[in-house]
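Participant: I'd like to ask some things about the structure below.
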Amino acid sequence: MKKYVTSDATVGEIIAAYPETIDTLLSSGMQCLGCSASQEESLADACAVHGLDASVVEDAVNGKIAEIRG
């Protein structure tokens, strides 16, 4: 699978570049996408705060982007 984003990207960067990932992030357990802290946190850091496996969320996000954008 092509990697559009890595867990080093900030949540804000991901949402800005790939708004189609919002539902994927929300369903993964990140319920605070609108808070200012989450916008500047890396995906890995946001996952750590929420007790999520960053590699699983990264794969889900990249899968959603690939589904929409090919």
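In the structure tokens, each chain is lettered A, B, ... as it comes, each chain's residues begin at 1, and ligands are numbered from 1 in order of appearance.
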A:Gly70: which residues within 12 Å, counting only C-alpha atoms, same-chain residues fewer than 4 positions away excluded, as an MDAnalysis selection string?

Facilitator: chainID A and resid 1:4 62:66

Participant: Of the candidates A:Gly12, A:Ser42, A:Ala48, A:Val61, which one gets nearest to A:Ser27 if we count only C-alpha atoms?

Facilitator: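 That would be A:Val61, the residue with the smallest distance to A:Ser27.
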
Participant: Return the single residue from A:Ile68, A:Cys35, A:Val11, A:Met30 that is closest to A:Leu52, with distances computed using only C-alpha atoms.

Facilitator: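 Among the listed residues, A:Met30 lies closest to A:Leu52.
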
Participant: Which residues, written as a PyMOL selection string, have at least one atom at most 10 Å from A:Glu58, with only C-alpha atoms counted and residues fewer than 2 positions away on the same chain left out?

Facilitator: chain A and resi 3-9+25+43-44+47+53-56+60-64

Participant: Write down as number ranges by chain the residues belonging to stretch 28-58 of chain A that are assigned alpha helix (DSSP H) by DSSP computed on the backbone.

Facilitator: A: 28, 36-40, 43-49, 54-58

Participant: Please produce an output containing C-alpha atoms for each residue in the selection, written as a PDB file, in the first residue's frame.

Facilitator:
ATOM      1  CA  SER A  28     -10.267   5.066  15.321  1.00  0.00           C
ATOM      2  CA  SER A  36      -5.883  23.091  18.939  1.00  0.00           C
ATOM      3  CA  ALA A  37      -3.464  20.654  20.581  1.00  0.00           C
ATOM      4  CA  SER A  38      -4.415  17.820  18.265  1.00  0.00           C
ATOM      5  CA  GLN A  39      -3.777  19.955  15.208  1.00  0.00           C
ATOM      6  CA  GLU A  40      -0.114  20.356  16.135  1.00  0.00           C
ATOM      7  CA  LEU A  43      -0.232  11.289  14.509  1.00  0.00           C
ATOM      8  CA  ALA A  44       2.028   9.119  16.672  1.00  0.00           C
ATOM      9  CA  ASP A  45       1.724  11.487  19.645  1.00  0.00           C
ATOM     10  CA  ALA A  46      -2.046  11.791  19.238  1.00  0.00           C
ATOM     11  CA  CYS A  47      -2.329   8.005  19.139  1.00  0.00           C
ATOM     12  CA  ALA A  48      -0.230   7.713  22.300  1.00  0.00           C
ATOM     13  CA  VAL A  49      -2.508  10.171  24.116  1.00  0.00           C
ATOM     14  CA  ALA A  54      -0.071   4.441  15.679  1.00  0.00           C
ATOM     15  CA  SER A  55       0.774   1.885  12.993  1.00  0.00           C
ATOM     16  CA  VAL A  56      -2.825   0.648  12.890  1.00  0.00           C
ATOM     17  CA  VAL A  57      -4.209   4.183  12.618  1.00  0.00           C
ATOM     18  CA  GLU A  58      -1.578   5.114  10.029  1.00  0.00           C
TER      19      GLU A  58
END
